[in-house]
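Participant: Sharing a structure, written as structure tokens. Questions coming.
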Amino acid sequence: FEAHRHELYLIGLYTHERALELADVPIGSASIRLTARELEVLKWVVRGKSNWEIGNILSVSETTVKEHVRNICGKFGVNTKMQAASMALWHGYTAL
């Protein structure tokens, strides 16, 4: 269980969001374009890293990470980075 805790959490978020919204969003939607840096940040968000940890990994400030997360959330139309991680998986960003 512990090894897959983050994935289970994301599955729960995804399921809850989908049940509430009942939106018909196609998997692998090409309409959401992320920059290379946003993809890097998103990869670490999906893995459960904090903004501070991501900043250290990518050698940028925590403020810079927060800005990338804000942009990612805006592109996915969500409010939190965990929702963004869930939406990334929903949209087919499986290589993260």
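Residues in the structure tokens are named by chain (A, B, ... in the order shown) and by number from 1 within that chain; ligands are numbered from 1 in the order shown.
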Would you give me, as an MDAnalysis selection string, the residues in chain A that DSSP reads as alpha helix (DSSP H)?
Facilitator: chainID A and resid 5:21 36:46 51:58 62:76 81:90
Participant: Residues within 8 Å of A:Val41, please, as an MDAnalysis selection string. Count only C-alpha atoms; anything in the same chain fewer than 4 positions from it doesn't count.
Facilitator: chainID A and resid 37 45 54 65 68:69
Participant: Could you check the closest approach to A:Lys43 for each of A:Ile57, A:Val78, A:Ala85, A:Leu10 and tell me which residue wins, using only C-alpha atoms?
Facilitator: A:Ala85
